[in-house]
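input07.txt, holding compact mmCIF, C-alpha atoms:
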```txt
# COMPACT_ATOMS: atom_id res chain seq x y z
CA MET A 244 62.35 -218.04 45.50
CA ALA A 245 62.24 -218.93 49.14
CA SER A 246 64.85 -221.35 50.46
CA LYS A 247 63.64 -224.56 52.02
CA LYS A 248 64.10 -224.73 55.70
CA LYS A 249 65.42 -227.93 57.23
CA PRO A 250 63.05 -229.38 59.75
CA SER A 251 64.24 -228.73 63.25
CA GLY A 252 66.06 -231.60 64.88
CA SER A 253 67.28 -233.18 61.64
CA LYS A 254 70.95 -234.05 61.27
CA PRO A 255 73.01 -233.62 58.17
CA PRO A 256 73.73 -236.92 56.35
CA LYS A 257 76.86 -238.76 57.49
CA ALA A 258 79.78 -238.71 55.12
CA LYS A 259 80.74 -242.12 53.78
CA LYS A 260 84.03 -243.47 55.04
CA ALA A 261 86.75 -243.57 52.45
CA ARG A 262 87.62 -247.15 51.59
CA GLY A 263 89.44 -249.17 49.05
CA LYS A 264 87.44 -251.08 46.51
CA ARG A 265 88.83 -254.45 47.52
CA LYS A 266 90.51 -256.26 50.38
CA THR A 267 94.28 -256.01 50.25
CA ARG A 268 96.81 -258.83 50.15
CA THR A 269 99.61 -257.82 52.50
CA PRO A 270 103.33 -258.50 52.09
CA GLU A 271 103.04 -260.80 55.13
CA HIS A 272 100.44 -262.90 53.30
CA VAL A 273 102.69 -263.11 50.24
CA ARG A 274 105.67 -264.23 52.32
CA ALA A 275 103.56 -266.86 54.09
CA THR A 276 102.44 -268.25 50.74
CA MET A 277 106.01 -268.22 49.44
CA SER A 278 107.23 -270.16 52.48
CA PHE A 279 104.59 -272.87 52.06
CA HIS A 280 105.24 -273.29 48.34
CA TYR A 281 109.02 -273.25 48.82
CA ILE A 282 108.69 -276.26 51.14
CA ALA A 283 105.85 -277.87 49.17
CA TYR A 284 107.81 -277.98 45.91
CA ARG A 285 110.75 -279.79 47.53
CA VAL A 286 108.43 -282.18 49.38
CA ALA A 287 106.61 -282.99 46.13
CA LYS A 288 109.91 -283.62 44.32
CA CYS A 289 110.49 -286.46 46.82
CA GLY A 290 107.11 -287.95 45.96
CA PHE A 291 105.47 -286.91 49.23
CA VAL A 292 102.38 -284.82 49.89
CA ILE A 293 102.19 -281.69 52.02
CA ASP A 294 98.85 -280.23 53.01
CA GLY A 295 98.28 -276.90 54.68
CA THR A 296 95.97 -276.74 57.64
CA ARG A 297 92.81 -274.66 57.32
CA GLU A 298 93.23 -273.12 60.75
CA ASP A 299 96.52 -272.42 62.50
CA TYR A 300 96.44 -273.79 66.02
CA GLY A 301 100.11 -274.72 66.14
CA TYR A 302 100.72 -276.37 62.78
CA ASP A 303 100.71 -274.84 59.31
CA ALA A 304 101.12 -278.11 57.42
CA TYR A 305 101.62 -281.82 57.66
CA ILE A 306 103.48 -284.19 55.37
CA GLU A 307 102.33 -287.63 54.23
CA PHE A 308 105.18 -289.92 53.26
CA TYR A 309 105.28 -292.68 50.66
CA ALA A 310 107.59 -295.66 50.36
CA SER A 311 109.79 -296.08 47.30
CA ASN A 312 107.12 -298.37 45.75
CA GLY A 313 104.52 -295.60 46.13
CA GLU A 314 102.65 -297.06 49.10
CA VAL A 315 101.46 -294.57 51.69
CA GLU A 316 103.24 -294.85 55.02
CA THR A 317 101.77 -294.64 58.49
CA GLY A 318 102.37 -291.40 60.33
CA ASN A 319 103.07 -287.81 59.38
CA ALA A 320 105.45 -284.99 60.13
CA PHE A 321 104.09 -281.62 61.22
CA VAL A 322 105.42 -278.23 60.14
CA GLN A 323 105.18 -274.74 61.63
CA LEU A 324 106.25 -272.09 59.11
CA LYS A 325 107.40 -268.54 59.73
CA ALA A 326 108.36 -266.13 56.97
CA THR A 327 110.33 -262.92 57.04
CA ASP A 328 111.89 -260.41 54.67
CA ASP A 329 114.40 -259.45 57.37
CA ILE A 330 116.22 -262.63 58.46
CA ASP A 331 119.01 -260.49 59.93
CA ARG A 332 116.55 -259.48 62.65
CA TYR A 333 116.74 -263.10 63.90
CA ARG A 334 120.39 -263.82 63.08
CA THR A 335 122.85 -264.54 65.87
CA SER A 336 126.55 -265.35 65.77
CA ASP A 337 125.75 -269.06 65.47
CA GLY A 338 122.45 -269.20 63.58
CA ILE A 339 118.87 -267.97 63.76
CA SER A 340 116.90 -267.34 66.97
CA TYR A 341 113.13 -267.18 67.17
CA SER A 342 110.74 -266.91 70.12
CA ILE A 343 107.91 -269.42 70.26
CA ASP A 344 104.79 -269.40 72.39
CA MET A 345 104.86 -271.94 75.23
CA ARG A 346 101.43 -273.18 74.16
CA ASP A 347 103.08 -274.28 70.90
CA PHE A 348 105.96 -275.76 72.89
CA ASP A 349 103.50 -277.92 74.86
CA LEU A 350 101.64 -279.05 71.74
CA TRP A 351 104.78 -279.87 69.79
CA ALA A 352 106.56 -281.57 72.68
CA ASP A 353 103.59 -283.89 73.24
CA ASN A 354 103.31 -284.95 69.60
CA PRO A 355 104.71 -288.47 69.03
CA TYR A 356 105.48 -287.57 65.41
CA PRO A 357 108.21 -285.13 64.39
CA VAL A 358 107.45 -281.43 64.44
CA TYR A 359 109.64 -279.10 62.40
CA PHE A 360 109.91 -275.38 62.92
CA VAL A 361 110.87 -273.64 59.67
CA ILE A 362 111.78 -270.00 59.08
CA PHE A 363 111.81 -268.79 55.47
CA ASP A 364 113.76 -265.77 54.25
CA SER A 365 111.79 -264.33 51.34
CA LYS A 366 114.69 -262.15 50.15
CA THR A 367 117.19 -264.97 49.69
CA GLU A 368 114.53 -267.69 49.27
CA ILE A 369 116.25 -269.90 51.83
CA ALA A 370 114.55 -271.77 54.66
CA TYR A 371 116.13 -273.02 57.88
CA TRP A 372 114.62 -275.70 60.07
CA VAL A 373 114.90 -277.47 63.40
CA TYR A 374 113.47 -280.82 64.50
CA PHE A 375 111.68 -279.49 67.54
CA GLN A 376 111.44 -282.54 69.82
CA LYS A 377 115.04 -283.54 69.11
CA TYR A 378 116.12 -279.96 69.88
CA ILE A 379 114.36 -279.76 73.24
CA GLN A 380 115.57 -283.21 74.27
CA ALA A 381 119.17 -282.29 73.43
CA LYS A 382 118.80 -279.07 75.45
CA GLY A 383 117.06 -280.81 78.37
CA LEU A 384 114.05 -278.50 78.04
CA SER A 385 110.60 -279.30 79.36
CA SER A 386 107.54 -277.20 79.99
CA ASP A 387 107.77 -277.56 83.78
CA LYS A 388 111.27 -276.01 83.71
CA ILE A 389 110.17 -272.87 81.85
CA SER A 390 108.30 -270.13 83.71
CA THR A 391 107.95 -267.64 80.84
CA ASN A 392 105.24 -267.46 78.15
CA THR A 393 107.80 -267.77 75.35
CA LEU A 394 110.99 -269.65 74.64
CA THR A 395 113.71 -268.66 72.19
CA ILE A 396 114.85 -271.54 70.02
CA HIS A 397 117.96 -271.58 67.85
CA LEU A 398 118.19 -272.86 64.28
CA ASP A 399 121.54 -273.96 62.91
CA LEU A 400 122.46 -272.41 59.55
CA THR A 401 123.58 -275.83 58.33
CA ASN A 402 119.93 -276.97 58.51
CA GLU A 403 118.96 -275.35 55.24
CA PHE A 404 115.84 -276.84 53.66
CA ASP A 405 116.81 -278.48 50.36
CA GLU A 406 115.89 -281.47 48.22
CA THR A 407 117.33 -283.93 50.77
CA THR A 408 115.49 -282.52 53.78
CA ALA A 409 112.10 -284.16 53.20
CA ARG A 410 113.78 -287.57 52.87
CA SER A 411 115.60 -287.04 56.18
CA TRP A 412 112.28 -286.07 57.73
CA GLN A 413 110.82 -289.35 56.45
CA THR A 414 113.62 -291.19 58.28
CA ASP A 415 112.92 -289.17 61.43
CA LYS A 416 109.21 -290.04 61.20
CA ASN A 417 109.97 -293.74 60.74
CA ASN A 418 112.36 -293.67 63.71
CA ALA A 419 109.69 -292.02 65.87
CA LEU A 420 107.05 -294.49 64.67
CA SER A 421 109.25 -297.43 65.59
CA GLN A 422 109.35 -296.16 69.20
CA ILE A 423 105.60 -295.89 69.63
CA PRO A 424 104.35 -298.88 71.61
CA GLU A 425 101.60 -301.05 70.26
CA VAL A 426 98.21 -299.43 70.63
CA ARG A 427 95.23 -301.59 71.49
CA HIS A 428 91.95 -300.02 70.36
CA VAL A 429 89.48 -301.34 72.90
```
Could you write out this file's structure as structure tokens?
Amino acid sequence: MASKKKPSGSKPPKAKKARGKRKTRTPEHVRATMSFHYIAYRVAKCGFVIDGTREDYGYDAYIEFYASNGEVETGNAFVQLKATDDIDRYRTSDGISYSIDMRDFDLWADNPYPVYFVIFDSKTEIAYWVYFQKYIQAKGLSSDKISTNTLTIHLDLTNEFDETTARSWQTDKNNALSQIPEVRHV
């Protein structure tokens, strides 16, 4: 039996690329979810609502606050979450240090409502936080004084996110709201 000749100029078929059957959920995705739910549970225990943002352009979540009688309050707090399984990488002698993008700095500094930066340690399931605008005011920081693209901020280990934190954030939000001048919608 004669063998079939391949027509001249034809190429052998391409081999299919090896691939997994499904997309993979990474450890980073798991940690990010853990950080949100760690905060969300404690916020909900206070009777407040936390919603995640669909897109991350500087905020991962915002919190709606309710008065003790259940009425919704004006204003929100905004949250930027970071998660790690290696908190020691960020640990210093006096707390936690983390570099933030100056574009986030500008956004957060301009927000009249409180912005909280939170770093979650997935190994110990502990989160640390800093009230961003209060931090930069105490340090005398402003965008025009910083020539780099990032800024390292420091989180105090005493600012551990617990059941009392969301209530203190409500107080911060109300204090900020009381300082906003009357707006005339014309």
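Counting from atom CA of A:Phe360, the distance to atom CA of A:Arg268 is 24.7 Å.
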So which one's closest to A:Glu271, A:Cys289, A:Leu384, A:Ala326, A:Leu350? Using all atoms listed in the file, please.
-> A:Ala326
Which protein, DNA or RNA residues have an atom at most 12 Å from (96.4, -278.5, 67.7), counting all atoms listed in the file? List them as a PyMOL selection string.
-> chain A and resi 296-305+321-323+346-354+358
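One finds atom CA of A:Lys325 at 21.6 Å from atom CA of A:Lys416.
Nearest to A:Ile293 of all the residues A:Asn312, A:Asn319, A:Ser336, A:Asn418 is A:Asn319, based on all atoms listed in the file.
Going from atom CA of A:Tyr356 over to atom CA of A:Ala320, you cover 5.9 Å.
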Near-A:Thr408 list (12 Å; all atoms listed in the file; drop same-chain fewer than 3 positions) as a PyMOL selection string | chain A and resi 282-289+291+359+361+370-374+401-405+411-415
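Among the candidates A:Gly263, A:Arg427, A:Asn417, A:Asp344, the one nearest to A:Thr317 when counting all atoms listed in the file is A:Asn417.
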Long-range neighbours of A:Thr335 as a PyMOL selection string, 10 Å cut-off, only C-alpha atoms, 4 positions minimum in chain = chain A and resi 331+339-340+397-399
Can you write just those residues out, C-alpha atoms, as a compact mmCIF listing (two decimals), in the coordinates of the input?
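Final output, saved to out.txt:
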```txt
# COMPACT_ATOMS: atom_id res chain seq x y z
CA ASP A 331 119.01 -260.49 59.93
CA ILE A 339 118.87 -267.97 63.76
CA SER A 340 116.90 -267.34 66.97
CA HIS A 397 117.96 -271.58 67.85
CA LEU A 398 118.19 -272.86 64.28
CA ASP A 399 121.54 -273.96 62.91
```
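Of the residues listed (A:Asp329, A:Asp294, A:Asp337, A:Glu307), A:Glu307 shows the shortest atom-to-atom separation from A:Arg410; distances use only C-alpha atoms.
Each of A:Thr367, A:Thr276, A:Thr267, A:Ser342 was checked against A:Leu324 using all atoms listed in the file; the smallest atom-to-atom distance is that of A:Thr276.
The smallest atom-to-atom distance between A:Val273 and any of A:Ser365, A:Glu314, A:Val429, A:Val292, using all atoms listed in the file, is found for A:Ser365.
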Repaired coordinates for stretch 282-315 of chain A (N, CA and C atoms) as a compact mmCIF listing (two decimals), in the coordinates of the input:
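So out08.txt came out as:
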```txt
# COMPACT_ATOMS: atom_id res chain seq x y z
N ILE A 282 108.59 -274.93 50.51
CA ILE A 282 108.69 -276.26 51.14
C ILE A 282 107.92 -277.29 50.31
N ALA A 283 106.72 -276.93 49.88
CA ALA A 283 105.85 -277.87 49.17
C ALA A 283 106.50 -278.41 47.89
N TYR A 284 107.17 -277.55 47.15
CA TYR A 284 107.81 -277.98 45.91
C TYR A 284 108.87 -279.05 46.19
N ARG A 285 109.68 -278.85 47.20
CA ARG A 285 110.75 -279.79 47.53
C ARG A 285 110.19 -281.09 48.11
N VAL A 286 109.10 -280.99 48.86
CA VAL A 286 108.43 -282.18 49.38
C VAL A 286 107.85 -282.99 48.22
N ALA A 287 107.20 -282.31 47.29
CA ALA A 287 106.61 -282.99 46.13
C ALA A 287 107.67 -283.66 45.26
N LYS A 288 108.83 -283.02 45.13
CA LYS A 288 109.91 -283.62 44.32
C LYS A 288 110.35 -284.96 44.89
N CYS A 289 110.15 -285.18 46.19
CA CYS A 289 110.49 -286.46 46.82
C CYS A 289 109.36 -287.47 46.69
N GLY A 290 108.24 -287.05 46.11
CA GLY A 290 107.11 -287.95 45.96
C GLY A 290 106.17 -287.95 47.15
N PHE A 291 106.32 -287.00 48.05
CA PHE A 291 105.47 -286.91 49.23
C PHE A 291 104.39 -285.86 49.01
N VAL A 292 103.47 -285.78 49.97
CA VAL A 292 102.38 -284.82 49.89
C VAL A 292 102.43 -283.93 51.13
N ILE A 293 102.31 -282.63 50.91
CA ILE A 293 102.19 -281.69 52.02
C ILE A 293 100.85 -280.99 51.89
N ASP A 294 100.13 -280.93 52.98
CA ASP A 294 98.85 -280.23 53.01
C ASP A 294 98.91 -279.15 54.06
N GLY A 295 98.39 -277.99 53.71
CA GLY A 295 98.28 -276.90 54.68
C GLY A 295 97.05 -277.11 55.54
N THR A 296 97.13 -276.66 56.77
CA THR A 296 95.97 -276.74 57.64
C THR A 296 95.06 -275.55 57.37
N ARG A 297 93.77 -275.75 57.56
CA ARG A 297 92.81 -274.66 57.32
C ARG A 297 92.91 -273.61 58.41
N GLU A 298 93.12 -274.03 59.61
CA GLU A 298 93.23 -273.12 60.75
C GLU A 298 94.60 -273.35 61.38
N ASP A 299 95.20 -272.30 61.89
CA ASP A 299 96.52 -272.42 62.50
C ASP A 299 96.39 -272.43 64.02
N TYR A 300 96.43 -273.63 64.57
CA TYR A 300 96.44 -273.79 66.02
C TYR A 300 97.73 -274.48 66.44
N GLY A 301 98.82 -274.16 65.78
CA GLY A 301 100.11 -274.72 66.14
C GLY A 301 100.84 -275.40 64.99
N TYR A 302 100.11 -275.75 63.95
CA TYR A 302 100.72 -276.37 62.78
C TYR A 302 100.21 -275.67 61.52
N ASP A 303 101.11 -275.42 60.59
CA ASP A 303 100.71 -274.84 59.31
C ASP A 303 100.52 -275.91 58.25
N ALA A 304 101.18 -277.06 58.44
CA ALA A 304 101.12 -278.11 57.42
C ALA A 304 101.50 -279.45 58.03
N TYR A 305 101.16 -280.48 57.30
CA TYR A 305 101.62 -281.82 57.66
C TYR A 305 102.02 -282.53 56.38
N ILE A 306 102.94 -283.47 56.53
CA ILE A 306 103.48 -284.19 55.37
C ILE A 306 103.10 -285.66 55.46
N GLU A 307 102.58 -286.19 54.36
CA GLU A 307 102.33 -287.63 54.23
C GLU A 307 103.49 -288.21 53.42
N PHE A 308 104.02 -289.30 53.91
CA PHE A 308 105.18 -289.92 53.26
C PHE A 308 104.77 -291.19 52.52
N TYR A 309 105.53 -291.50 51.47
CA TYR A 309 105.28 -292.68 50.66
C TYR A 309 106.57 -293.46 50.51
N ALA A 310 106.44 -294.79 50.55
CA ALA A 310 107.59 -295.66 50.36
C ALA A 310 108.06 -295.59 48.91
N SER A 311 109.22 -296.14 48.65
CA SER A 311 109.79 -296.08 47.30
C SER A 311 108.90 -296.75 46.26
N ASN A 312 108.04 -297.72 46.69
CA ASN A 312 107.12 -298.37 45.75
C ASN A 312 105.81 -297.60 45.60
N GLY A 313 105.69 -296.44 46.26
CA GLY A 313 104.52 -295.60 46.13
C GLY A 313 103.45 -295.82 47.19
N GLU A 314 103.65 -296.81 48.06
CA GLU A 314 102.65 -297.06 49.10
C GLU A 314 102.71 -295.99 50.18
N VAL A 315 101.53 -295.56 50.62
CA VAL A 315 101.46 -294.57 51.69
C VAL A 315 101.99 -295.19 52.98
```
